[in-house]
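Source file entry_36.pdb; content: PDB, C-alpha atoms.
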ATOM      1  CA  MET R 441      -0.845  39.653  18.417
ATOM      2  CA  ARG R 442      -3.459  37.199  19.678
ATOM      3  CA  ALA R 443      -5.037  37.047  16.211
ATOM      4  CA  ASP R 444      -1.648  36.119  14.725
ATOM      5  CA  ILE R 445      -1.233  33.289  17.224
ATOM      6  CA  MET R 446      -4.719  31.967  16.449
ATOM      7  CA  LYS R 447      -4.064  32.171  12.715
ATOM      8  CA  THR R 448      -0.744  30.345  13.091
ATOM      9  CA  THR R 449      -2.387  27.677  15.231
ATOM     10  CA  LYS R 450      -5.164  27.141  12.667
ATOM     11  CA  LEU R 451      -2.669  26.871   9.807
ATOM     12  CA  THR R 452      -0.528  24.420  11.776
ATOM     13  CA  LEU R 453      -3.525  22.223  12.572
ATOM     14  CA  ALA R 454      -4.686  22.315   8.946
ATOM     15  CA  ALA R 455      -1.221  21.325   7.715
ATOM     16  CA  LEU R 456      -1.082  18.491  10.236
ATOM     17  CA  ALA R 457      -4.493  17.199   9.144
ATOM     18  CA  LEU R 458      -3.506  17.289   5.461
ATOM     19  CA  THR R 459      -0.224  15.525   6.186
ATOM     20  CA  THR R 460      -2.042  12.757   8.053
ATOM     21  CA  LEU R 461      -4.471  12.264   5.157
ATOM     22  CA  THR R 462      -1.650  12.247   2.614
ATOM     23  CA  PHE R 463       0.375   9.601   4.453
ATOM     24  CA  GLY R 464      -2.715   7.386   4.679
ATOM     25  CA  ALA R 465      -3.105   7.483   0.903
ATOM     26  CA  PHE R 466       0.213   5.826   0.051
ATOM     27  CA  ALA R 467      -0.083   2.535  -1.801
ATOM     28  CA  ALA R 468       1.837  -0.580  -0.882
ATOM     29  CA  ASP R 469       5.173  -0.865  -2.660
ATOM     30  CA  GLN R 470       6.051  -3.985  -4.602
ATOM     31  CA  VAL R 471       9.458  -5.314  -3.528
ATOM     32  CA  ALA R 472      11.746  -7.979  -4.967
ATOM     33  CA  SER R 473      13.071  -9.272  -1.621
ATOM     34  CA  ASP R 474      12.212  -9.092   2.079
ATOM     35  CA  PRO R 475      12.187  -5.389   2.987
ATOM     36  CA  LEU R 476      14.418  -4.188   5.817
ATOM     37  CA  HIS R 477      12.672  -3.195   9.042
ATOM     38  CA  GLN R 478       9.358  -4.727   7.948
ATOM     39  CA  THR R 479       7.779  -7.966   9.081
ATOM     40  CA  ALA R 480       5.784 -10.424   7.002
ATOM     41  CA  VAL R 481       2.213 -10.312   8.309
ATOM     42  CA  GLY R 482       0.379 -12.615   5.916
ATOM     43  CA  THR R 483      -0.268 -13.703   2.366
ATOM     44  CA  ILE R 484      -2.765 -12.645  -0.270
ATOM     45  CA  SER R 485      -3.866 -14.209  -3.524
ATOM     46  CA  ALA R 486      -5.659 -13.112  -6.663
ATOM     47  CA  GLN R 487      -7.005 -14.864  -9.711
ATOM     48  CA  GLY R 488      -8.579 -13.988 -13.011
ATOM     49  CA  GLY R 489      -5.787 -11.748 -14.264
ATOM     50  CA  THR R 490      -5.560 -11.675 -18.043
ATOM     51  CA  ASN R 491      -1.886 -10.631 -18.020
ATOM     52  CA  LEU R 492       0.860 -10.054 -15.460
ATOM     53  CA  ASP R 493       0.077  -6.333 -15.158
ATOM     54  CA  SER R 494      -3.561  -6.974 -14.260
ATOM     55  CA  LEU R 495      -2.580  -9.685 -11.766
ATOM     56  CA  GLU R 496      -0.031  -7.331 -10.173
ATOM     57  CA  ALA R 497      -2.703  -4.610  -9.944
ATOM     58  CA  GLN R 498      -5.093  -7.022  -8.199
ATOM     59  CA  LEU R 499      -2.420  -8.048  -5.697
ATOM     60  CA  ASN R 500      -1.503  -4.400  -5.107
ATOM     61  CA  ALA R 501      -5.157  -3.543  -4.403
ATOM     62  CA  LYS R 502      -5.435  -6.424  -1.926
ATOM     63  CA  ALA R 503      -2.190  -5.377  -0.210
ATOM     64  CA  ASP R 504      -3.537  -1.824   0.096
ATOM     65  CA  ALA R 505      -6.838  -3.093   1.488
ATOM     66  CA  ALA R 506      -4.929  -5.118   4.092
ATOM     67  CA  GLY R 507      -2.978  -2.003   5.133
ATOM     68  CA  ALA R 508       0.366  -3.390   3.994
ATOM     69  CA  LYS R 509       3.401  -1.165   3.517
ATOM     70  CA  SER R 510       4.784  -3.481   0.844
ATOM     71  CA  PHE R 511       4.202  -6.799  -0.868
ATOM     72  CA  ARG R 512       6.317  -9.379  -2.685
ATOM     73  CA  ILE R 513       4.860 -11.621  -5.378
ATOM     74  CA  THR R 514       5.848 -15.205  -4.606
ATOM     75  CA  SER R 515       4.096 -17.162  -7.357
ATOM     76  CA  THR R 516       2.127 -16.827 -10.566
ATOM     77  CA  SER R 517       0.549 -19.530 -12.689
ATOM     78  CA  GLY R 518      -1.853 -19.951 -15.566
ATOM     79  CA  GLN R 519      -2.062 -18.764 -19.140
ATOM     80  CA  ASN R 520      -5.163 -16.703 -19.924
ATOM     81  CA  ASN R 521      -6.583 -16.861 -16.409
ATOM     82  CA  LEU R 522      -3.660 -16.073 -14.103
ATOM     83  CA  HIS R 523      -3.415 -16.817 -10.399
ATOM     84  CA  GLY R 524      -0.850 -15.283  -8.067
ATOM     85  CA  THR R 525       0.159 -15.089  -4.422
ATOM     86  CA  ALA R 526       2.154 -12.515  -2.484
ATOM     87  CA  VAL R 527       3.533 -11.959   1.010
ATOM     88  CA  ILE R 528       2.484  -8.689   2.649
ATOM     89  CA  TYR R 529       4.677  -6.696   5.044
ATOM     90  CA  GLN R 530       4.123  -4.112   7.782
TER      91      GLN R 530
END
Here is the file; what I need is its structure written in the form of structure tokens.
Amino acid sequence: MRADIMKTTKLTLAALALTTLTFGAFAADQVASDPLHQTAVGTISAQGGTNLDSLEAQLNAKADAAGAKSFRITSTSGQNNLHGTAVIYQ
């Protein structure tokens, strides 16, 4: 009986640890408008993108590094060397 309780406790703690690690691995979501129940906490910028996908990827990486839950691209400019800004949300 005691061994079963210990085994259950170990499995529960392992599941909790894995869940915590999994939730920490989520990337910031790109949104088209201000997300509900989130607050703007700053802005980020990136430059040197060769196309919109690469610029979006750079902004996403910066949002992740800042610990943002989501980000919204607010401006892009340039032709072959793109620059962009985004608002990040928590």
What lies within 12 Å of range 499-514 of chain R using all atoms listed in the file, ignoring chain neighbours under 2 positions off, as a VMD selection string? chain R and resid 463 to 489 492 to 497 516 to 517 522 to 530
Give me the box for range 487-499 of chain R as AutoDock Vina command-line options, namely the centre and edge lengths in Å to one decimal of a box along x, y and z that holds every listed atom plus 4 Å on each side.
--center_x -3.9 --center_y -9.7 --center_z -11.9 --size_x 17.4 --size_y 18.3 --size_z 20.3
Name the residues captured by the PyMOL selection byres ((chain R and resi 490) around 6) when it is applied to the shown file; answer as a VMD selection string. chain R and resid 489 491 520 to 521
Go ahead and dump the residues you just picked, C-alpha atoms, as a CSV table (one decimal), in the coordinates of the input.
chain,number,residue,atom,x,y,z
R,489,GLY,CA,-5.8,-11.7,-14.3
R,491,ASN,CA,-1.9,-10.6,-18.0
R,520,ASN,CA,-5.2,-16.7,-19.9
R,521,ASN,CA,-6.6,-16.9,-16.4
What would range 471-498 of chain R look like with N, CA and C atoms in place, written as an mmCIF file, in the coordinates of the input?
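Output saved as rebuild_19.cif:
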data_model
loop_
_atom_site.group_PDB
_atom_site.id
_atom_site.type_symbol
_atom_site.label_atom_id
_atom_site.label_comp_id
_atom_site.auth_asym_id
_atom_site.auth_seq_id
_atom_site.Cartn_x
_atom_site.Cartn_y
_atom_site.Cartn_z
ATOM 1 N N VAL R 471 8.031 -5.125 -3.768
ATOM 2 C CA VAL R 471 9.458 -5.314 -3.528
ATOM 3 C C VAL R 471 9.904 -6.647 -4.107
ATOM 4 N N ALA R 472 11.201 -6.755 -4.381
ATOM 5 C CA ALA R 472 11.746 -7.979 -4.967
ATOM 6 C C ALA R 472 12.295 -8.939 -3.916
ATOM 7 N N SER R 473 12.563 -8.426 -2.706
ATOM 8 C CA SER R 473 13.071 -9.272 -1.621
ATOM 9 C C SER R 473 12.478 -8.773 -0.310
ATOM 10 N N ASP R 474 12.745 -9.497 0.775
ATOM 11 C CA ASP R 474 12.212 -9.092 2.079
ATOM 12 C C ASP R 474 12.694 -7.685 2.413
ATOM 13 N N PRO R 475 11.770 -6.758 2.675
ATOM 14 C CA PRO R 475 12.187 -5.389 2.987
ATOM 15 C C PRO R 475 12.785 -5.277 4.389
ATOM 16 N N LEU R 476 13.793 -4.432 4.513
ATOM 17 C CA LEU R 476 14.418 -4.188 5.817
ATOM 18 C C LEU R 476 13.434 -3.493 6.739
ATOM 19 N N HIS R 477 13.466 -3.835 8.004
ATOM 20 C CA HIS R 477 12.672 -3.195 9.042
ATOM 21 C C HIS R 477 11.169 -3.361 8.838
ATOM 22 N N GLN R 478 10.773 -4.391 8.088
ATOM 23 C CA GLN R 478 9.358 -4.727 7.948
ATOM 24 C C GLN R 478 9.201 -6.215 8.220
ATOM 25 N N THR R 479 8.052 -6.581 8.719
ATOM 26 C CA THR R 479 7.779 -7.966 9.081
ATOM 27 C C THR R 479 6.670 -8.525 8.201
ATOM 28 N N ALA R 480 6.841 -9.757 7.754
ATOM 29 C CA ALA R 480 5.784 -10.424 7.002
ATOM 30 C C ALA R 480 4.589 -10.622 7.927
ATOM 31 N N VAL R 481 3.402 -10.219 7.466
ATOM 32 C CA VAL R 481 2.213 -10.312 8.309
ATOM 33 C C VAL R 481 1.136 -11.203 7.704
ATOM 34 N N GLY R 482 1.372 -11.736 6.510
ATOM 35 C CA GLY R 482 0.379 -12.615 5.916
ATOM 36 C C GLY R 482 0.614 -12.803 4.439
ATOM 37 N N THR R 483 -0.326 -13.488 3.811
ATOM 38 C CA THR R 483 -0.268 -13.703 2.366
ATOM 39 C C THR R 483 -1.605 -13.313 1.754
ATOM 40 N N ILE R 484 -1.564 -12.973 0.488
ATOM 41 C CA ILE R 484 -2.765 -12.645 -0.270
ATOM 42 C C ILE R 484 -2.707 -13.412 -1.580
ATOM 43 N N SER R 485 -3.840 -13.559 -2.219
ATOM 44 C CA SER R 485 -3.866 -14.209 -3.524
ATOM 45 C C SER R 485 -4.899 -13.520 -4.401
ATOM 46 N N ALA R 486 -4.723 -13.677 -5.688
ATOM 47 C CA ALA R 486 -5.659 -13.112 -6.663
ATOM 48 C C ALA R 486 -5.739 -14.066 -7.837
ATOM 49 N N GLN R 487 -6.871 -14.039 -8.516
ATOM 50 C CA GLN R 487 -7.005 -14.864 -9.711
ATOM 51 C C GLN R 487 -7.877 -14.138 -10.715
ATOM 52 N N GLY R 488 -7.785 -14.592 -11.961
ATOM 53 C CA GLY R 488 -8.579 -13.988 -13.011
ATOM 54 C C GLY R 488 -7.836 -12.928 -13.787
ATOM 55 N N GLY R 489 -6.562 -12.714 -13.501
ATOM 56 C CA GLY R 489 -5.787 -11.748 -14.264
ATOM 57 C C GLY R 489 -5.608 -12.225 -15.697
ATOM 58 N N THR R 490 -5.730 -11.302 -16.636
ATOM 59 C CA THR R 490 -5.560 -11.675 -18.043
ATOM 60 C C THR R 490 -4.119 -11.528 -18.505
ATOM 61 N N ASN R 491 -3.319 -10.769 -17.741
ATOM 62 C CA ASN R 491 -1.886 -10.631 -18.020
ATOM 63 C C ASN R 491 -1.191 -10.311 -16.693
ATOM 64 N N LEU R 492 0.131 -10.274 -16.709
ATOM 65 C CA LEU R 492 0.860 -10.054 -15.460
ATOM 66 C C LEU R 492 0.577 -8.687 -14.847
ATOM 67 N N ASP R 493 0.374 -7.664 -15.693
ATOM 68 C CA ASP R 493 0.077 -6.333 -15.158
ATOM 69 C C ASP R 493 -1.246 -6.314 -14.395
ATOM 70 N N SER R 494 -2.263 -6.971 -14.943
ATOM 71 C CA SER R 494 -3.561 -6.974 -14.260
ATOM 72 C C SER R 494 -3.496 -7.793 -12.973
ATOM 73 N N LEU R 495 -2.736 -8.885 -12.980
ATOM 74 C CA LEU R 495 -2.580 -9.685 -11.766
ATOM 75 C C LEU R 495 -1.834 -8.885 -10.698
ATOM 76 N N GLU R 496 -0.775 -8.176 -11.105
ATOM 77 C CA GLU R 496 -0.031 -7.331 -10.173
ATOM 78 C C GLU R 496 -0.931 -6.247 -9.590
ATOM 79 N N ALA R 497 -1.781 -5.649 -10.420
ATOM 80 C CA ALA R 497 -2.703 -4.610 -9.944
ATOM 81 C C ALA R 497 -3.687 -5.177 -8.923
ATOM 82 N N GLN R 498 -4.183 -6.386 -9.157
ATOM 83 C CA GLN R 498 -5.093 -7.022 -8.199
ATOM 84 C C GLN R 498 -4.395 -7.278 -6.873
#
